[in-house]
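As stored in target.pdb (PDB, C-alpha atoms and all ligand atoms):
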ATOM      1  CA  MET A  28       0.000   0.000   0.000
ATOM      2  CA  LYS A  29       1.251   3.448  -0.932
ATOM      3  CA  ILE A  30       0.444   6.256   1.477
ATOM      4  CA  LEU A  31       1.192   9.936   0.984
ATOM      5  CA  VAL A  32       1.561  12.025   4.128
ATOM      6  CA  THR A  33       1.664  15.743   3.396
ATOM      7  CA  ALA A  34       2.002  18.771   5.661
ATOM      8  CA  ALA A  35       2.619  22.470   5.178
ATOM      9  CA  THR A  36       5.759  22.481   7.317
ATOM     10  CA  SER A  37       8.127  19.809   8.610
ATOM     11  CA  LEU A  38       7.658  21.203  12.141
ATOM     12  CA  GLU A  39       4.039  20.034  12.151
ATOM     13  CA  ILE A  40       5.003  16.407  11.489
ATOM     14  CA  LYS A  41       8.450  16.306  13.113
ATOM     15  CA  PRO A  42       7.490  13.563  15.613
ATOM     16  CA  PHE A  43       6.076  11.481  12.742
ATOM     17  CA  LEU A  44       9.338  11.898  10.809
ATOM     18  CA  GLN A  45      11.248  10.787  13.930
ATOM     19  CA  TYR A  46       8.920   7.778  14.202
ATOM     20  CA  LEU A  47       9.655   6.871  10.562
ATOM     21  CA  GLU A  48      13.407   7.214  11.160
ATOM     22  CA  GLN A  49      13.158   4.733  14.028
ATOM     23  CA  HIS A  50      10.622   2.235  12.709
ATOM     24  CA  SER A  51      11.017   2.166   8.949
ATOM     25  CA  GLN A  52      13.590   1.726   6.273
ATOM     26  CA  GLN A  53      14.327   4.962   4.444
ATOM     27  CA  VAL A  54      14.556   4.320   0.712
ATOM     28  CA  SER A  55      14.984   7.878  -0.531
ATOM     29  CA  ASP A  56      14.881  11.463   0.721
ATOM     30  CA  TYR A  57      11.124  11.309   1.062
ATOM     31  CA  ARG A  58      10.175   7.604   0.891
ATOM     32  CA  PHE A  59       9.991   5.118   3.765
ATOM     33  CA  ARG A  60       9.150   1.393   3.842
ATOM     34  CA  LEU A  61       7.074   0.474   6.868
ATOM     35  CA  THR A  62       5.864  -3.113   7.411
ATOM     36  CA  GLY A  63       4.847  -3.699   3.820
ATOM     37  CA  CYS A  64       3.709  -0.135   3.271
ATOM     38  CA  GLU A  65       5.399   2.591   1.268
ATOM     39  CA  VAL A  66       5.058   5.981   2.940
ATOM     40  CA  ASP A  67       5.939   9.133   1.000
ATOM     41  CA  VAL A  68       6.304  12.412   2.869
ATOM     42  CA  LEU A  69       5.666  15.694   1.058
ATOM     43  CA  ILE A  70       6.314  19.018   2.769
ATOM     44  CA  ALA A  71       4.163  21.147   0.519
ATOM     45  CA  GLY A  72       4.617  24.634   1.988
ATOM     46  CA  ILE A  73       2.256  27.054   3.718
ATOM     47  CA  GLY A  74      -0.872  28.124   1.875
ATOM     48  CA  MET A  75      -3.039  26.946  -0.981
ATOM     49  CA  MET A  76      -0.693  28.003  -3.785
ATOM     50  CA  HIS A  77       2.227  25.951  -2.481
ATOM     51  CA  THR A  78       0.004  23.022  -1.578
ATOM     52  CA  ALA A  79      -1.690  22.877  -4.974
ATOM     53  CA  PHE A  80       1.597  23.157  -6.852
ATOM     54  CA  SER A  81       3.355  20.512  -4.754
ATOM     55  CA  LEU A  82       0.468  18.051  -4.880
ATOM     56  CA  GLY A  83      -0.100  18.639  -8.591
ATOM     57  CA  LYS A  84       3.530  17.839  -9.302
ATOM     58  CA  TYR A  85       3.495  14.835  -6.986
ATOM     59  CA  PHE A  86       0.323  13.355  -8.499
ATOM     60  CA  THR A  87       1.694  13.535 -12.038
ATOM     61  CA  LEU A  88       4.401  11.093 -10.931
ATOM     62  CA  HIS A  89       2.726   9.026  -8.180
ATOM     63  CA  THR A  90      -0.690   7.571  -7.429
ATOM     64  CA  PRO A  91      -0.940   6.755  -3.715
ATOM     65  CA  HIS A  92      -3.741   4.516  -2.440
ATOM     66  CA  VAL A  93      -4.428   7.058   0.305
ATOM     67  CA  ALA A  94      -3.298  10.648   0.885
ATOM     68  CA  ILE A  95      -3.236  12.139   4.384
ATOM     69  CA  GLN A  96      -2.848  15.845   5.073
ATOM     70  CA  ALA A  97      -1.780  16.572   8.636
ATOM     71  CA  GLY A  98      -1.558  20.009  10.163
ATOM     72  CA  ILE A  99      -2.548  22.424  12.868
ATOM     73  CA  CYS A 100      -5.556  24.692  12.556
ATOM     74  CA  GLY A 101      -7.696  27.259  14.278
ATOM     75  CA  THR A 102     -11.204  26.579  15.506
ATOM     76  CA  PHE A 103     -14.327  28.725  15.657
ATOM     77  CA  ARG A 104     -15.823  26.328  18.216
ATOM     78  CA  LYS A 105     -15.329  27.592  21.757
ATOM     79  CA  ASP A 106     -16.603  24.198  22.983
ATOM     80  CA  TRP A 107     -13.622  22.419  21.343
ATOM     81  CA  HIS A 108     -10.440  22.327  23.366
ATOM     82  CA  LEU A 109      -7.005  23.295  22.114
ATOM     83  CA  GLY A 110      -5.067  20.181  21.169
ATOM     84  CA  ALA A 111      -8.156  18.273  19.986
ATOM     85  CA  VAL A 112      -7.646  16.295  16.780
ATOM     86  CA  VAL A 113     -10.380  16.317  14.143
ATOM     87  CA  ALA A 114     -11.014  14.976  10.634
ATOM     88  CA  VAL A 115     -11.964  17.800   8.279
ATOM     89  CA  GLU A 116     -14.645  16.481   5.956
ATOM     90  CA  SER A 117     -15.484  19.493   3.848
ATOM     91  CA  GLU A 118     -13.769  22.708   2.860
ATOM     92  CA  HIS A 119     -14.830  26.107   1.569
ATOM     93  CA  LEU A 120     -12.484  28.491  -0.202
ATOM     94  CA  ALA A 121     -13.385  31.359   2.064
ATOM     95  CA  ASP A 122     -11.415  34.303   0.714
ATOM     96  CA  LEU A 123     -11.363  33.753  -3.055
ATOM     97  CA  GLY A 124     -13.817  36.166  -4.573
ATOM     98  CA  ALA A 125     -14.780  39.810  -4.404
ATOM     99  CA  GLU A 126     -15.324  42.378  -1.734
ATOM    100  CA  ASP A 127     -18.606  44.204  -2.254
ATOM    101  CA  ASN A 128     -18.452  47.130   0.129
ATOM    102  CA  ASP A 129     -18.188  45.375   3.525
ATOM    103  CA  GLN A 130     -19.494  42.052   2.236
ATOM    104  CA  PHE A 131     -17.437  39.129   0.923
ATOM    105  CA  LYS A 132     -18.748  37.293  -2.135
ATOM    106  CA  ASP A 133     -17.153  34.034  -3.203
ATOM    107  CA  LEU A 134     -16.851  32.835  -6.791
ATOM    108  CA  PHE A 135     -20.218  31.046  -6.585
ATOM    109  CA  ASP A 136     -21.936  34.230  -5.411
ATOM    110  CA  ILE A 137     -20.620  36.213  -8.359
ATOM    111  CA  ASN A 138     -21.454  33.417 -10.815
ATOM    112  CA  LEU A 139     -17.899  32.714 -11.922
ATOM    113  CA  TRP A 140     -18.310  29.166 -10.644
ATOM    114  CA  LYS A 141     -21.455  27.010 -10.761
ATOM    115  CA  GLU A 142     -22.635  25.069  -7.714
ATOM    116  CA  SER A 143     -21.613  21.395  -7.883
ATOM    117  CA  GLN A 144     -19.219  21.928 -10.762
ATOM    118  CA  HIS A 145     -16.613  19.158 -10.523
ATOM    119  CA  PRO A 146     -15.179  18.474  -7.960
ATOM    120  CA  PHE A 147     -17.432  20.589  -5.707
ATOM    121  CA  THR A 148     -20.487  19.330  -3.864
ATOM    122  CA  GLY A 149     -22.640  22.436  -3.808
ATOM    123  CA  THR A 150     -20.120  25.117  -2.908
ATOM    124  CA  SER A 151     -17.787  22.940  -0.854
ATOM    125  CA  LEU A 152     -15.045  20.415  -1.417
ATOM    126  CA  VAL A 153     -16.417  17.379   0.383
ATOM    127  CA  ASN A 154     -14.486  14.227   1.202
ATOM    128  CA  THR A 155     -16.696  11.792  -0.692
ATOM    129  CA  PHE A 156     -14.502   8.729  -0.156
ATOM    130  CA  HIS A 157     -16.600   6.717   2.231
ATOM    131  CA  ALA A 158     -14.703   3.456   1.711
ATOM    132  CA  TRP A 159     -12.097   4.348   4.355
ATOM    133  CA  PRO A 160     -10.952   0.978   5.721
ATOM    134  CA  LEU A 161     -10.552   2.092   9.331
ATOM    135  CA  ALA A 162     -13.033   3.129  11.947
ATOM    136  CA  LEU A 163     -12.248   6.809  12.293
ATOM    137  CA  GLU A 164     -13.028   7.918  15.793
ATOM    138  CA  LEU A 165     -12.218  11.560  15.221
ATOM    139  CA  PRO A 166     -14.835  14.308  15.416
ATOM    140  CA  ALA A 167     -15.799  15.456  11.934
ATOM    141  CA  ALA A 168     -15.178  19.106  11.116
ATOM    142  CA  THR A 169     -16.303  21.558   8.479
ATOM    143  CA  GLY A 170     -13.376  23.702   7.382
ATOM    144  CA  VAL A 171     -12.627  26.978   5.692
ATOM    145  CA  SER A 172      -9.339  27.685   3.939
ATOM    146  CA  VAL A 173      -7.962  31.206   3.821
ATOM    147  CA  ASN A 174      -4.816  32.968   2.721
ATOM    148  CA  ARG A 175      -4.769  35.168   5.810
ATOM    149  CA  VAL A 176      -5.337  33.848   9.337
ATOM    150  CA  SER A 177      -8.583  35.516  10.434
ATOM    151  CA  GLY A 178      -8.023  37.959  13.268
ATOM    152  CA  SER A 179     -10.758  40.569  13.329
ATOM    153  CA  ALA A 180     -14.274  40.406  14.755
ATOM    154  CA  ALA A 181     -15.786  41.454  11.416
ATOM    155  CA  THR A 182     -14.028  38.777   9.338
ATOM    156  CA  ILE A 183     -14.762  36.060  11.889
ATOM    157  CA  ALA A 184     -18.455  37.006  12.067
ATOM    158  CA  GLN A 185     -18.713  36.970   8.259
ATOM    159  CA  LEU A 186     -17.078  33.557   7.958
ATOM    160  CA  GLU A 187     -19.292  32.110  10.688
ATOM    161  CA  ALA A 188     -22.465  33.495   9.124
ATOM    162  CA  LYS A 189     -21.573  32.414   5.595
ATOM    163  CA  TYR A 190     -19.972  28.975   6.099
ATOM    164  CA  GLN A 191     -20.675  27.834   9.698
ATOM    165  CA  PRO A 192     -17.111  26.502   9.904
ATOM    166  CA  ASP A 193     -15.590  24.495  12.739
ATOM    167  CA  THR A 194     -11.984  24.950  11.636
ATOM    168  CA  GLU A 195      -9.747  27.291   9.659
ATOM    169  CA  SER A 196      -6.532  26.381   7.867
ATOM    170  CA  MET A 197      -4.505  27.698   4.965
ATOM    171  CA  GLU A 198      -4.210  24.474   2.949
ATOM    172  CA  GLY A 199      -7.204  22.179   3.437
ATOM    173  CA  ALA A 200      -9.182  23.229   0.350
ATOM    174  CA  ALA A 201      -6.181  22.823  -1.963
ATOM    175  CA  PHE A 202      -5.621  19.309  -0.625
ATOM    176  CA  HIS A 203      -9.279  18.316  -1.057
ATOM    177  CA  TYR A 204      -9.319  19.804  -4.550
ATOM    178  CA  ALA A 205      -6.191  17.964  -5.718
ATOM    179  CA  CYS A 206      -7.308  14.603  -4.285
ATOM    180  CA  LEU A 207     -10.850  14.903  -5.664
ATOM    181  CA  GLN A 208      -9.503  15.852  -9.093
ATOM    182  CA  GLU A 209      -7.137  12.872  -9.117
ATOM    183  CA  ASN A 210      -9.658  10.492  -7.514
ATOM    184  CA  ILE A 211      -7.335   9.675  -4.636
ATOM    185  CA  PRO A 212      -8.946   8.656  -1.324
ATOM    186  CA  PHE A 213      -7.890  11.119   1.336
ATOM    187  CA  LEU A 214      -8.042  12.143   4.936
ATOM    188  CA  GLN A 215      -7.367  15.578   6.376
ATOM    189  CA  ILE A 216      -6.443  15.444  10.034
ATOM    190  CA  ARG A 217      -5.905  18.636  11.976
ATOM    191  CA  SER A 218      -5.257  19.455  15.581
ATOM    192  CA  ILE A 219      -6.412  22.692  17.067
ATOM    193  CA  SER A 220      -3.607  25.065  17.992
ATOM    194  CA  ASN A 221      -5.737  28.165  18.549
ATOM    195  CA  TYR A 222      -9.163  29.711  18.599
ATOM    196  CA  VAL A 223     -10.003  31.892  15.611
ATOM    197  CA  GLU A 224     -10.207  35.191  17.414
ATOM    198  CA  ILE A 225      -8.619  38.611  17.566
ATOM    199  CA  ARG A 226      -4.971  37.827  17.158
ATOM    200  CA  ASP A 227      -3.096  36.873  20.326
ATOM    201  CA  LYS A 228      -0.281  34.515  19.424
ATOM    202  CA  SER A 229       0.604  33.996  23.110
ATOM    203  CA  LYS A 230      -2.571  31.906  23.498
ATOM    204  CA  TRP A 231      -1.681  29.456  20.716
ATOM    205  CA  GLN A 232      -0.800  25.972  21.931
ATOM    206  CA  ILE A 233       1.315  24.685  19.059
ATOM    207  CA  PRO A 234       3.406  22.089  21.004
ATOM    208  CA  THR A 235       0.305  20.327  22.411
ATOM    209  CA  ALA A 236      -1.393  20.431  19.029
ATOM    210  CA  VAL A 237       1.666  19.002  17.271
ATOM    211  CA  LYS A 238       2.027  16.209  19.838
ATOM    212  CA  ASN A 239      -1.607  15.128  19.585
ATOM    213  CA  LEU A 240      -1.618  15.445  15.806
ATOM    214  CA  ASN A 241       1.420  13.213  15.483
ATOM    215  CA  ASP A 242       0.124  10.604  17.948
ATOM    216  CA  GLU A 243      -2.961  10.340  15.767
ATOM    217  CA  LEU A 244      -0.949  10.323  12.537
ATOM    218  CA  VAL A 245       1.286   7.481  13.722
ATOM    219  CA  ARG A 246      -1.768   5.499  14.902
ATOM    220  CA  THR A 247      -3.566   6.035  11.586
ATOM    221  CA  VAL A 248      -0.597   5.065   9.404
ATOM    222  CA  GLU A 249       0.195   2.013  11.565
ATOM    223  CA  GLU A 250      -3.433   0.861  11.389
ATOM    224  CA  LEU A 251      -3.611   1.405   7.641
ATOM    225  CA  CYS A 252      -0.436  -0.626   7.087
ATOM    226  CA  ALA A 253      -1.606  -3.397   9.445
ATOM    227  CA  HIS A 254      -5.003  -3.493   7.764
ATOM    228  CA  TYR A 255      -3.408  -3.761   4.342
ATOM    229  CA  THR A 256      -1.011  -6.517   5.487
ATOM    230  CA  THR A 257      -3.948  -8.531   6.913
ATOM    231  CA  VAL A 258      -6.081  -8.044   3.797
ATOM    232  CA  THR A 259      -3.322  -9.099   1.393
ATOM    233  CA  LYS A 260      -2.405 -12.165   3.554
ATOM    234  CA  ASN A 261      -5.981 -13.419   3.195
ATOM    235  CA  PHE A 262      -5.744 -13.522  -0.605
TER     236      PHE A 262
HETATM  237  O1  LIG A 301       2.403  34.808  13.252
HETATM  238  C1  LIG A 301       3.214  34.031  13.709
HETATM  239  O2  LIG A 301       4.119  34.371  14.463
HETATM  240  C2  LIG A 301       3.082  32.601  13.350
HETATM  241  C3  LIG A 301       4.023  31.685  13.786
HETATM  242  C4  LIG A 301       3.879  30.349  13.467
HETATM  243  C5  LIG A 301       2.781  29.927  12.708
HETATM  244  C6  LIG A 301       1.866  30.878  12.324
HETATM  245  C7  LIG A 301       0.713  30.524  11.555
HETATM  246  O3  LIG A 301      -0.099  31.343  11.187
HETATM  247  C8  LIG A 301       0.553  29.116  11.258
HETATM  248  C9  LIG A 301      -0.149  28.925   9.949
HETATM  249  C10 LIG A 301      -0.181  27.453   9.649
HETATM  250  O4  LIG A 301      -0.944  26.811  10.632
HETATM  251  C11 LIG A 301      -2.265  26.586  10.199
HETATM  252  N1  LIG A 301      -3.124  27.375  11.077
HETATM  253  C12 LIG A 301      -3.080  27.289  12.413
HETATM  254  N2  LIG A 301      -4.015  28.050  12.967
HETATM  255  C13 LIG A 301      -4.650  28.671  11.974
HETATM  256  C14 LIG A 301      -5.732  29.592  11.945
HETATM  257  O5  LIG A 301      -6.300  29.999  12.958
HETATM  258  N3  LIG A 301      -6.133  30.025  10.726
HETATM  259  C15 LIG A 301      -5.550  29.592   9.601
HETATM  260  N4  LIG A 301      -4.525  28.706   9.580
HETATM  261  C16 LIG A 301      -4.083  28.245  10.759
HETATM  262  C17 LIG A 301      -2.278  26.955   8.725
HETATM  263  O6  LIG A 301      -2.822  25.890   7.993
HETATM  264  C18 LIG A 301      -0.844  27.222   8.348
HETATM  265  O7  LIG A 301      -0.229  26.116   7.745
HETATM  266  C19 LIG A 301       1.993  32.216  12.634
END

The structure given in the file should be rewritten as structure tokens.
Amino acid sequence: MKILVTAATSLEIKPFLQYLEQHSQQVSDYRFRLTGCEVDVLIAGIGMMHTAFSLGKYFTLHTPHVAIQAGICGTFRKDWHLGAVVAVESEHLADLGAEDNDQFKDLFDINLWKESQHPFTGTSLVNTFHAWPLALELPAATGVSVNRVSGSAATIAQLEAKYQPDTESMEGAAFHYACLQENIPFLQIRSISNYVEIRDKSKWQIPTAVKNLNDELVRTVEELCAHYTTVTKNF
């Protein structure tokens, strides 16, 4: 089984990389062999432009069975605790469009895109791969992707009213788009490093978020590889 693990920065998946160093055989700069599984690691860069370019290039050369995007994110949900790990199931591109006075209009609102044009479901990029072989016990989240971390009351209120998001990242939509276009089953796992609120970086809990994210990432990859090994043994 071929698995792609992608992240915006190596810092976000450093513990996973250390795990691979200890438990797998490294076959190239970015490829690891782990109990019958091939795991590629792609550090795609921060933001949708870098993510789309990196994944587009990668998918012209490789077709993984599963792609996993792992990263930290902000949450709009005050009832979710920092450090919680979630699976983001759908994404909106929440700052691509036009400003109309103090209102934001996305490309669907201004009729440059049509609802449900491929690969969108309505106006969002939904993870439609339901044949995931593992029981995912993570809370499901609805995400928005932005080029600028939201940090004003007005922007936050607009995003909440328009998209009812649980999470905010800078790469999720690009990942969903690339995987849906290439028909590659995928999973976006994010851990919450901060609340989406008026900017106060001192409140961000990046170390806890990174630890929990990587615990979950290791568990998921190990389970996927074990599942695949069991399935292939039975044939
Ligand atoms: O401003 C800083 O000093 C600073 C230092 C380290 C990281 C940042 C980020 O903004 C991280 C962006 C990175 O993390 C994801 N992320 C995390 N929280 C949020 C959020 O509330 N809204 C959007 N993106 C977030 C994002 O996916 C980036 O990859 C700043």

Residues matched by the PyMOL selection byres (((not hetatm)) within 9 of (chain A and resi 301)), written as a PyMOL selection string: chain A and resi 34-36+39+72-74+98-103+171-178+194-199+217-224+226+228+231+233

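Straight-line separation from CA of Pro166 (chain A) to CA of Val93 (chain A): 19.7 Å.
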
Just the residues within 9 Å of Tyr57 (chain A), please, counting all atoms listed in the file, with nothing from its chain fewer than 5 positions along; format it as a VMD selection string. chain A and resid 66 to 69

With only C-alpha atoms as the atoms that count, which of A:Tyr204, A:Phe213, A:Phe80, A:Phe86 lies nearest to His145 (chain A)? A:Tyr204

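Between CA of Leu61 (chain A) and CA of Lys29 (chain A) the interatomic distance comes to 10.2 Å.
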
Convert the output of the PyMOL selection byres (((chain A and resi 65) around 12) and not hetatm) on the shown file into explicit residues, formatted as JSON, numbers by chain. {"A": [28, 29, 30, 31, 32, 47, 51, 52, 53, 54, 55, 57, 58, 59, 60, 61, 62, 63, 64, 66, 67, 68, 89, 90, 91, 92, 93, 94, 248, 249, 251, 252, 255, 256]}

Would you save the residues from that selection as a compact mmCIF listing (two decimals), in the frame of the given file, using C-alpha atoms?
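Generated file (selection04.txt):
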# COMPACT_ATOMS: atom_id res chain seq x y z
CA MET A 28 0.00 0.00 0.00
CA LYS A 29 1.25 3.45 -0.93
CA ILE A 30 0.44 6.26 1.48
CA LEU A 31 1.19 9.94 0.98
CA VAL A 32 1.56 12.02 4.13
CA LEU A 47 9.65 6.87 10.56
CA SER A 51 11.02 2.17 8.95
CA GLN A 52 13.59 1.73 6.27
CA GLN A 53 14.33 4.96 4.44
CA VAL A 54 14.56 4.32 0.71
CA SER A 55 14.98 7.88 -0.53
CA TYR A 57 11.12 11.31 1.06
CA ARG A 58 10.18 7.60 0.89
CA PHE A 59 9.99 5.12 3.76
CA ARG A 60 9.15 1.39 3.84
CA LEU A 61 7.07 0.47 6.87
CA THR A 62 5.86 -3.11 7.41
CA GLY A 63 4.85 -3.70 3.82
CA CYS A 64 3.71 -0.14 3.27
CA VAL A 66 5.06 5.98 2.94
CA ASP A 67 5.94 9.13 1.00
CA VAL A 68 6.30 12.41 2.87
CA HIS A 89 2.73 9.03 -8.18
CA THR A 90 -0.69 7.57 -7.43
CA PRO A 91 -0.94 6.76 -3.72
CA HIS A 92 -3.74 4.52 -2.44
CA VAL A 93 -4.43 7.06 0.30
CA ALA A 94 -3.30 10.65 0.88
CA VAL A 248 -0.60 5.07 9.40
CA GLU A 249 0.20 2.01 11.56
CA LEU A 251 -3.61 1.40 7.64
CA CYS A 252 -0.44 -0.63 7.09
CA TYR A 255 -3.41 -3.76 4.34
CA THR A 256 -1.01 -6.52 5.49

When the PyMOL selection byres (((chain A and resi 191) around 10) and not hetatm) is applied to the structure above, which residues does it catch, written out as an MDAnalysis selection string? chainID A and resid 103:104 169:171 184:190 192:194

Quick one, how far is CA of Pro146 (chain A) from CA of Glu243 (chain A)? 27.9 Å

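Across A:Asn239, A:Ala181, A:Pro212, A:Ala253, the tightest approach to Gln96 (chain A) is made by A:Pro212 when counting only C-alpha atoms.
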
Please identify all polymer residues within 9 Å of Lys238 (chain A), counting all atoms listed in the file, omitting same-chain residues fewer than 6 positions from it, and present them as number ranges by chain. A: 39-40, 42, 110

Is it possible to get the residues within 10 Å of (-16.8, 22.4, -3.7) (coordinates as in the file, counting all atoms listed in the file) written as a VMD selection string? chain A and resid 117 to 120 135 140 to 154 200 203 to 204 207

Residues just named, written with C-alpha atoms as a JSON list (two decimals), in the frame of the given file:
[["chain", "number", "residue", "atom", "x", "y", "z"],
["A", 117, "SER", "CA", -15.48, 19.49, 3.85],
["A", 118, "GLU", "CA", -13.77, 22.71, 2.86],
["A", 119, "HIS", "CA", -14.83, 26.11, 1.57],
["A", 120, "LEU", "CA", -12.48, 28.49, -0.20],
["A", 135, "PHE", "CA", -20.22, 31.05, -6.58],
["A", 140, "TRP", "CA", -18.31, 29.17, -10.64],
["A", 141, "LYS", "CA", -21.46, 27.01, -10.76],
["A", 142, "GLU", "CA", -22.64, 25.07, -7.71],
["A", 143, "SER", "CA", -21.61, 21.40, -7.88],
["A", 144, "GLN", "CA", -19.22, 21.93, -10.76],
["A", 145, "HIS", "CA", -16.61, 19.16, -10.52],
["A", 146, "PRO", "CA", -15.18, 18.47, -7.96],
["A", 147, "PHE", "CA", -17.43, 20.59, -5.71],
["A", 148, "THR", "CA", -20.49, 19.33, -3.86],
["A", 149, "GLY", "CA", -22.64, 22.44, -3.81],
["A", 150, "THR", "CA", -20.12, 25.12, -2.91],
["A", 151, "SER", "CA", -17.79, 22.94, -0.85],
["A", 152, "LEU", "CA", -15.04, 20.42, -1.42],
["A", 153, "VAL", "CA", -16.42, 17.38, 0.38],
["A", 154, "ASN", "CA", -14.49, 14.23, 1.20],
["A", 200, "ALA", "CA", -9.18, 23.23, 0.35],
["A", 203, "HIS", "CA", -9.28, 18.32, -1.06],
["A", 204, "TYR", "CA", -9.32, 19.80, -4.55],
["A", 207, "LEU", "CA", -10.85, 14.90, -5.66]]

Find the axis-aligned box for region 133-136 of chain A, covering all its listed atoms and adding 6 Å on each side, and write its centre and edge lengths in Å to one decimal as JSON.
{"center_x": -19.4, "center_y": 32.6, "center_z": -5.0, "size_x": 17.1, "size_y": 15.2, "size_z": 15.6}

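The closest residue to Ala236 (chain A), picked from A:Ala114, A:Leu109, A:Ala71, A:Ala168 and counting all atoms listed in the file, is A:Leu109.
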
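Here the question is which of A:Thr235, A:Gln49, A:Gln215, A:Thr78 gets nearest to Leu163 (chain A) using only C-alpha atoms, and that residue is A:Gln215.
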